[in-house]
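The file upload-v1.pdb comes next; it holds PDB, C-alpha atoms.
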```
ATOM      1  CA  MET H   1      -7.643  11.717  -0.363
ATOM      2  CA  LYS H   2      -8.549   8.074  -0.984
ATOM      3  CA  ASP H   3     -11.870   9.141  -2.542
ATOM      4  CA  LEU H   4     -10.018  11.578  -4.831
ATOM      5  CA  LYS H   5      -7.555   8.863  -5.848
ATOM      6  CA  LYS H   6     -10.415   6.558  -6.821
ATOM      7  CA  THR H   7     -12.289   9.310  -8.656
ATOM      8  CA  ILE H   8      -9.256  10.135 -10.795
ATOM      9  CA  ALA H   9      -8.562   6.424 -11.342
ATOM     10  CA  ARG H  10     -12.139   5.926 -12.599
ATOM     11  CA  ASP H  11     -11.803   8.941 -14.877
ATOM     12  CA  LEU H  12      -8.538   7.706 -16.398
ATOM     13  CA  LEU H  13     -10.030   4.275 -17.001
ATOM     14  CA  ALA H  14     -13.293   5.655 -18.422
ATOM     15  CA  ILE H  15     -11.548   7.812 -21.034
ATOM     16  CA  LYS H  16      -9.082   5.006 -21.841
ATOM     17  CA  ALA H  17      -6.097   7.025 -20.663
ATOM     18  CA  VAL H  18      -4.829   3.841 -19.000
ATOM     19  CA  PHE H  19      -4.137   0.825 -21.174
ATOM     20  CA  PHE H  20      -3.654  -2.661 -19.703
ATOM     21  CA  ARG H  21      -1.818  -5.128 -21.909
ATOM     22  CA  PRO H  22      -0.042  -7.726 -19.751
ATOM     23  CA  GLU H  23      -0.053 -10.275 -22.573
ATOM     24  CA  GLN H  24       1.661  -7.883 -24.990
ATOM     25  CA  PRO H  25       3.748  -5.476 -22.899
ATOM     26  CA  PHE H  26       4.518  -1.910 -23.884
ATOM     27  CA  ILE H  27       8.205  -1.020 -24.234
ATOM     28  CA  TRP H  28       9.242   2.218 -22.553
ATOM     29  CA  ALA H  29      12.072   4.409 -23.862
ATOM     30  CA  SER H  30      14.221   3.018 -21.042
ATOM     31  CA  GLY H  31      13.690  -0.501 -22.387
ATOM     32  CA  ILE H  32      11.457  -1.542 -19.479
ATOM     33  CA  LYS H  33       8.604  -3.843 -20.429
ATOM     34  CA  SER H  34       5.348  -2.631 -18.905
ATOM     35  CA  PRO H  35       1.854  -4.142 -18.738
ATOM     36  CA  VAL H  36       0.440  -0.624 -18.391
ATOM     37  CA  TYR H  37       0.625   2.576 -20.400
ATOM     38  CA  CYS H  38      -0.805   5.804 -19.028
ATOM     39  CA  ASP H  39      -1.568   8.669 -21.424
ATOM     40  CA  ASN H  40      -2.793  11.575 -19.304
ATOM     41  CA  ARG H  41      -2.864  13.885 -22.335
ATOM     42  CA  LEU H  42      -6.259  12.349 -23.067
ATOM     43  CA  THR H  43      -7.690  14.171 -20.057
ATOM     44  CA  LEU H  44      -7.325  17.413 -22.023
ATOM     45  CA  THR H  45      -9.981  16.295 -24.519
ATOM     46  CA  ALA H  46     -12.354  14.948 -21.859
ATOM     47  CA  PRO H  47     -13.876  18.018 -20.134
ATOM     48  CA  GLU H  48     -15.385  16.229 -17.110
ATOM     49  CA  ALA H  49     -12.221  14.268 -16.356
ATOM     50  CA  ARG H  50     -10.117  17.361 -17.042
ATOM     51  CA  LEU H  51     -12.136  19.390 -14.526
ATOM     52  CA  ASN H  52     -11.658  16.698 -11.866
ATOM     53  CA  VAL H  53      -7.928  16.578 -12.575
ATOM     54  CA  GLU H  54      -7.373  20.349 -12.452
ATOM     55  CA  ASN H  55      -9.555  20.866  -9.373
ATOM     56  CA  GLY H  56      -7.771  17.908  -7.799
ATOM     57  CA  LEU H  57      -4.354  19.395  -8.542
ATOM     58  CA  ALA H  58      -5.457  22.721  -7.073
ATOM     59  CA  GLU H  59      -6.666  20.882  -3.962
ATOM     60  CA  ILE H  60      -3.496  18.863  -3.332
ATOM     61  CA  ILE H  61      -1.242  21.835  -4.061
ATOM     62  CA  SER H  62      -3.175  24.054  -1.626
ATOM     63  CA  GLU H  63      -3.087  21.353   1.057
ATOM     64  CA  ASN H  64       0.525  20.251   0.670
ATOM     65  CA  TYR H  65       2.265  23.420  -0.530
ATOM     66  CA  PRO H  66       0.306  26.350   0.964
ATOM     67  CA  GLU H  67       3.255  28.749   0.478
ATOM     68  CA  VAL H  68       3.374  28.229  -3.311
ATOM     69  CA  GLN H  69       3.899  31.358  -5.402
ATOM     70  CA  VAL H  70       4.395  29.960  -8.915
ATOM     71  CA  LEU H  71       3.451  26.773 -10.769
ATOM     72  CA  MET H  72       5.924  25.394 -13.317
ATOM     73  CA  GLY H  73       4.837  22.747 -15.797
ATOM     74  CA  THR H  74       7.084  20.082 -17.234
ATOM     75  CA  SER H  75       7.502  20.119 -20.993
ATOM     76  CA  THR H  76       5.348  19.182 -22.679
ATOM     77  CA  ALA H  77       2.761  17.102 -20.831
ATOM     78  CA  GLY H  78       2.621  19.238 -17.691
ATOM     79  CA  ILE H  79       2.217  22.618 -19.397
ATOM     80  CA  ALA H  80      -1.551  22.598 -19.949
ATOM     81  CA  HIS H  81      -2.253  21.189 -16.490
ATOM     82  CA  ALA H  82      -0.037  23.821 -14.852
ATOM     83  CA  ALA H  83      -1.790  26.579 -16.821
ATOM     84  CA  ILE H  84      -5.325  25.482 -15.969
ATOM     85  CA  THR H  85      -4.496  24.804 -12.324
ATOM     86  CA  ALA H  86      -2.728  28.151 -11.997
ATOM     87  CA  HIS H  87      -5.844  29.838 -13.418
ATOM     88  CA  ILE H  88      -8.023  28.100 -10.820
ATOM     89  CA  MET H  89      -5.635  29.096  -8.014
ATOM     90  CA  GLY H  90      -4.981  32.627  -9.260
ATOM     91  CA  LEU H  91      -1.247  31.976  -9.532
ATOM     92  CA  PRO H  92       1.387  32.780 -12.141
ATOM     93  CA  MET H  93       2.765  29.876 -14.147
ATOM     94  CA  GLY H  94       5.481  28.988 -16.549
ATOM     95  CA  TYR H  95       7.179  25.881 -17.832
ATOM     96  CA  VAL H  96      10.597  24.325 -18.195
ATOM     97  CA  ARG H  97      11.846  23.182 -21.567
ATOM     98  CA  SER H  98      13.738  19.914 -21.949
ATOM     99  CA  GLY H  99      16.650  22.042 -23.181
ATOM    100  CA  ALA H 100      17.447  25.703 -23.790
ATOM    101  CA  LYS H 101      16.201  27.241 -27.035
ATOM    102  CA  ASP H 102      18.825  27.657 -29.724
ATOM    103  CA  HIS H 103      17.447  31.066 -30.764
ATOM    104  CA  GLY H 104      16.032  34.277 -29.313
ATOM    105  CA  ARG H 105      16.778  34.613 -25.606
ATOM    106  CA  GLN H 106      17.761  30.927 -25.417
ATOM    107  CA  ASN H 107      15.467  30.372 -22.448
ATOM    108  CA  GLN H 108      14.971  27.015 -20.792
ATOM    109  CA  ILE H 109      12.525  28.418 -18.257
ATOM    110  CA  GLU H 110       9.552  30.161 -19.882
ATOM    111  CA  GLY H 111       7.585  32.682 -17.853
ATOM    112  CA  LYS H 112       8.779  35.118 -15.209
ATOM    113  CA  LEU H 113      10.610  33.534 -12.290
ATOM    114  CA  GLU H 114      12.283  35.530  -9.535
ATOM    115  CA  LYS H 115      15.087  34.145  -7.390
ATOM    116  CA  GLY H 116      13.745  32.850  -4.095
ATOM    117  CA  GLN H 117      10.201  32.299  -5.346
ATOM    118  CA  LYS H 118       8.457  29.214  -4.011
ATOM    119  CA  VAL H 119       7.622  26.867  -6.878
ATOM    120  CA  VAL H 120       5.573  23.697  -7.325
ATOM    121  CA  VAL H 121       6.306  21.596 -10.391
ATOM    122  CA  VAL H 122       3.252  20.173 -12.171
ATOM    123  CA  GLU H 123       3.893  16.822 -13.878
ATOM    124  CA  ASP H 124       1.538  14.404 -15.624
ATOM    125  CA  LEU H 125       3.098  11.155 -14.415
ATOM    126  CA  ILE H 126       6.112   9.838 -12.556
ATOM    127  CA  SER H 127       7.791   6.497 -13.195
ATOM    128  CA  THR H 128      11.524   6.426 -12.432
ATOM    129  CA  GLY H 129      11.607  10.140 -11.572
ATOM    130  CA  GLY H 130      14.395  11.134 -13.942
ATOM    131  CA  SER H 131      12.584  13.707 -16.083
ATOM    132  CA  VAL H 132      10.935  15.584 -13.232
ATOM    133  CA  LEU H 133      14.234  15.762 -11.332
ATOM    134  CA  GLU H 134      15.837  17.425 -14.340
ATOM    135  CA  VAL H 135      13.144  20.120 -14.170
ATOM    136  CA  VAL H 136      13.605  20.540 -10.411
ATOM    137  CA  ASN H 137      17.369  20.965 -10.849
ATOM    138  CA  VAL H 138      16.933  23.596 -13.590
ATOM    139  CA  LEU H 139      14.621  25.578 -11.312
ATOM    140  CA  ARG H 140      16.949  25.247  -8.332
ATOM    141  CA  GLU H 141      19.893  26.434 -10.426
ATOM    142  CA  ALA H 142      17.805  29.470 -11.400
ATOM    143  CA  GLY H 143      17.403  30.306  -7.710
ATOM    144  CA  ALA H 144      13.870  29.047  -7.136
ATOM    145  CA  GLU H 145      12.826  27.310  -3.934
ATOM    146  CA  VAL H 146      11.152  24.139  -5.185
ATOM    147  CA  LEU H 147       8.571  23.091  -2.601
ATOM    148  CA  GLY H 148       7.805  19.854  -4.430
ATOM    149  CA  VAL H 149       5.908  18.197  -7.243
ATOM    150  CA  ALA H 150       2.199  17.689  -7.901
ATOM    151  CA  SER H 151       1.456  14.946 -10.429
ATOM    152  CA  ILE H 152      -1.606  13.260 -11.854
ATOM    153  CA  PHE H 153      -0.319   9.685 -11.657
ATOM    154  CA  THR H 154       2.628   7.856 -10.142
ATOM    155  CA  TYR H 155       3.702   4.276 -10.687
ATOM    156  CA  GLY H 156       5.123   4.205  -7.147
ATOM    157  CA  MET H 157       8.257   2.413  -8.327
ATOM    158  CA  LYS H 158      11.024   1.919  -5.794
ATOM    159  CA  LYS H 159      13.598   3.541  -8.082
ATOM    160  CA  GLY H 160      11.479   6.654  -8.545
ATOM    161  CA  ILE H 161      10.734   6.991  -4.828
ATOM    162  CA  GLU H 162      14.401   6.586  -3.900
ATOM    163  CA  ARG H 163      15.603   9.081  -6.521
ATOM    164  CA  LEU H 164      13.158  11.742  -5.343
ATOM    165  CA  GLU H 165      14.081  11.135  -1.703
ATOM    166  CA  ALA H 166      17.784  11.366  -2.505
ATOM    167  CA  GLU H 167      17.232  14.820  -4.032
ATOM    168  CA  ASN H 168      14.893  15.864  -1.186
ATOM    169  CA  VAL H 169      11.959  16.272  -3.561
ATOM    170  CA  LYS H 170       8.422  15.703  -2.298
ATOM    171  CA  ASN H 171       5.775  14.408  -4.707
ATOM    172  CA  VAL H 172       2.014  14.269  -4.201
ATOM    173  CA  SER H 173      -0.065  12.481  -6.845
ATOM    174  CA  LEU H 174      -3.783  12.529  -7.558
ATOM    175  CA  THR H 175      -3.788   8.762  -8.040
ATOM    176  CA  ASP H 176      -1.354   5.890  -8.281
ATOM    177  CA  PHE H 177      -0.672   2.538  -9.867
ATOM    178  CA  ASP H 178      -2.139   0.483  -7.031
ATOM    179  CA  THR H 179      -5.380   2.483  -6.926
ATOM    180  CA  VAL H 180      -5.863   2.289 -10.690
ATOM    181  CA  ALA H 181      -5.269  -1.489 -10.605
ATOM    182  CA  GLU H 182      -7.728  -1.883  -7.712
ATOM    183  CA  VAL H 183     -10.449   0.164  -9.428
ATOM    184  CA  ALA H 184      -9.820  -1.576 -12.765
ATOM    185  CA  ALA H 185     -10.455  -4.959 -11.113
ATOM    186  CA  GLU H 186     -13.549  -3.680  -9.279
ATOM    187  CA  GLU H 187     -15.063  -2.383 -12.508
ATOM    188  CA  GLY H 188     -14.161  -5.356 -14.692
ATOM    189  CA  TYR H 189     -11.413  -3.869 -16.852
ATOM    190  CA  ILE H 190      -9.015  -6.578 -15.661
ATOM    191  CA  SER H 191      -9.219  -9.750 -13.569
ATOM    192  CA  LYS H 192      -8.149 -10.176  -9.957
ATOM    193  CA  ASN H 193      -5.251 -12.332 -11.192
ATOM    194  CA  ASP H 194      -4.074  -9.463 -13.381
ATOM    195  CA  VAL H 195      -3.819  -7.208 -10.322
ATOM    196  CA  GLU H 196      -1.274  -9.533  -8.726
ATOM    197  CA  ARG H 197       0.803  -9.493 -11.921
ATOM    198  CA  LEU H 198       0.610  -5.718 -12.124
ATOM    199  CA  ILE H 199       1.809  -5.284  -8.537
ATOM    200  CA  ARG H 200       4.709  -7.677  -9.217
ATOM    201  CA  PHE H 201       5.717  -5.436 -12.106
ATOM    202  CA  ARG H 202       5.434  -2.310  -9.934
ATOM    203  CA  ASN H 203       7.572  -3.893  -7.220
ATOM    204  CA  ASP H 204      10.380  -4.875  -9.603
ATOM    205  CA  PRO H 205      10.121  -3.948 -13.309
ATOM    206  CA  SER H 206      13.397  -5.737 -14.049
ATOM    207  CA  ASP H 207      11.913  -9.075 -12.942
ATOM    208  CA  GLU H 208       9.859 -10.086 -15.963
ATOM    209  CA  SER H 209       8.282 -13.133 -14.312
ATOM    210  CA  TRP H 210       4.980 -11.227 -14.295
ATOM    211  CA  VAL H 211       4.857 -11.582 -18.091
ATOM    212  CA  LYS H 212       4.363 -15.356 -17.856
TER     213      LYS H 212
END
```
How would this structure read if it were set down as structure tokens?
Amino acid sequence: MKDLKKTIARDLLAIKAVFFRPEQPFIWASGIKSPVYCDNRLTLTAPEARLNVENGLAEIISENYPEVQVLMGTSTAGIAHAAITAHIMGLPMGYVRSGAKDHGRQNQIEGKLEKGQKVVVVEDLISTGGSVLEVVNVLREAGAEVLGVASIFTYGMKKGIERLEAENVKNVSLTDFDTVAEVAAEEGYISKNDVERLIRFRNDPSDESWVK
């Protein structure tokens, strides 16, 4: 698993899906200042990286959720990854909208889902865990048995870990913040000093001392 984490980390760095900007932090929708921005959508236009990601997702889903019957992508970033991974695994897939449609059948869950089916949610990244938990709750309310989440990248933030644990939701990620920072330093994207600042951010995003 460590080799897979490093492979995916190298891929994300090589295609510039991960941006490091500790001197000029990104501002998330939540207001959190971050030295890192991860755009996993870029893997879709990088065939080699995309193949590693989708094969990797198929691998971790098979290993960690062998009873899976359906993959459900998060809207919108997880949809393509769920579709490609489901194709590799020979499984049905669907996705969960951020809200119900205001026309037609007014679906929030797209694709056929039977009550009691065992589902794995496919997500591109996890930070504080809020968005993926919304998807899990929609699926649970529809009668699905959510085995857990498979994601490309996780920040490993305390808040996200605690929120998932509180809702009894397992997550397995292809790579994580610490691995990407380690590989970035090894390959010269950032300095060793930057790694320490990045880990300080990961440990406590509200403490902005890492900015200085």
Tell me which of H:Ile84, H:Ala144, H:Ala14, H:Ile60 sits closest to Asn171 of chain H, counting all atoms listed in the file.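 Looking only at the distances to Asn171 of chain H, the closest residue turns out to be H:Ile60.
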Pick from H:Asp207, H:Glu145, H:Glu167, H:Asp178, whichever lies nearest to Gly130 of chain H using only C-alpha atoms: H:Glu167
Here is a test: counting all atoms listed in the file, which residue of H:Val122, H:Leu139, H:Ala166, H:Ile61 is nearest to Ile79 of chain H?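 Using all atoms listed in the file, the shortest distance to Ile79 of chain H belongs to H:Val122.
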Evaluate the PyMOL selection byres ((chain H and resi 58) around 8) and report residues as an MDAnalysis selection string: chainID H and resid 54:57 59:62 85:86 88:89
Please identify all polymer residues within 7 Å of segment 6-11 of chain H, counting all atoms listed in the file, omitting same-chain residues fewer than 6 positions from it, and present them as a VMD selection string. chain H and resid 49 53 174 to 175 179 to 180 183
Take the residues from that selection and put them in a file with C-alpha atoms, as a PDB file, in the frame of the given file.
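See selection19.pdb below for the written result:
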```pdb
ATOM      1  CA  ALA H  49     -12.221  14.268 -16.356  1.00  0.00           C
ATOM      2  CA  VAL H  53      -7.928  16.578 -12.575  1.00  0.00           C
ATOM      3  CA  LEU H 174      -3.783  12.529  -7.558  1.00  0.00           C
ATOM      4  CA  THR H 175      -3.788   8.762  -8.040  1.00  0.00           C
ATOM      5  CA  THR H 179      -5.380   2.483  -6.926  1.00  0.00           C
ATOM      6  CA  VAL H 180      -5.863   2.289 -10.690  1.00  0.00           C
ATOM      7  CA  VAL H 183     -10.449   0.164  -9.428  1.00  0.00           C
TER       8      VAL H 183
END
```
With distances taken over only C-alpha atoms, which of H:Asn107, H:Ser209, H:Asn64, H:Ser151 is nearest to Pro35 of chain H?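 Ranking H:Asn107, H:Ser209, H:Asn64, H:Ser151 by distance to Pro35 of chain H, first place goes to H:Ser209.
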Going by the chain IDs and residue numbers used in this file, which residues fall under the PyMOL selection byres ((chain H and resi 141) around 12)? Write them as a list in words. Gln108, Ile109, Leu113, Glu114, Lys115, Gly116, Glu134, Val135, Val136, Asn137, Val138, Leu139, Arg140, Ala142, Gly143, Ala144, Glu145 and Val146 of chain H
Atom CA of Gly90 of chain H and atom CA of Ile126 of chain H, how far apart in Å?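 Answer for the atom CA of Ile126 of chain H to atom CA of Gly90 of chain H separation: 25.6 Å.
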Top pick for closest residue to Asp176 of chain H, considering H:Ile161, H:Ile152, H:Leu44, H:Ile199 and counting all atoms listed in the file: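 The closest residue to Asp176 of chain H is H:Ile152.
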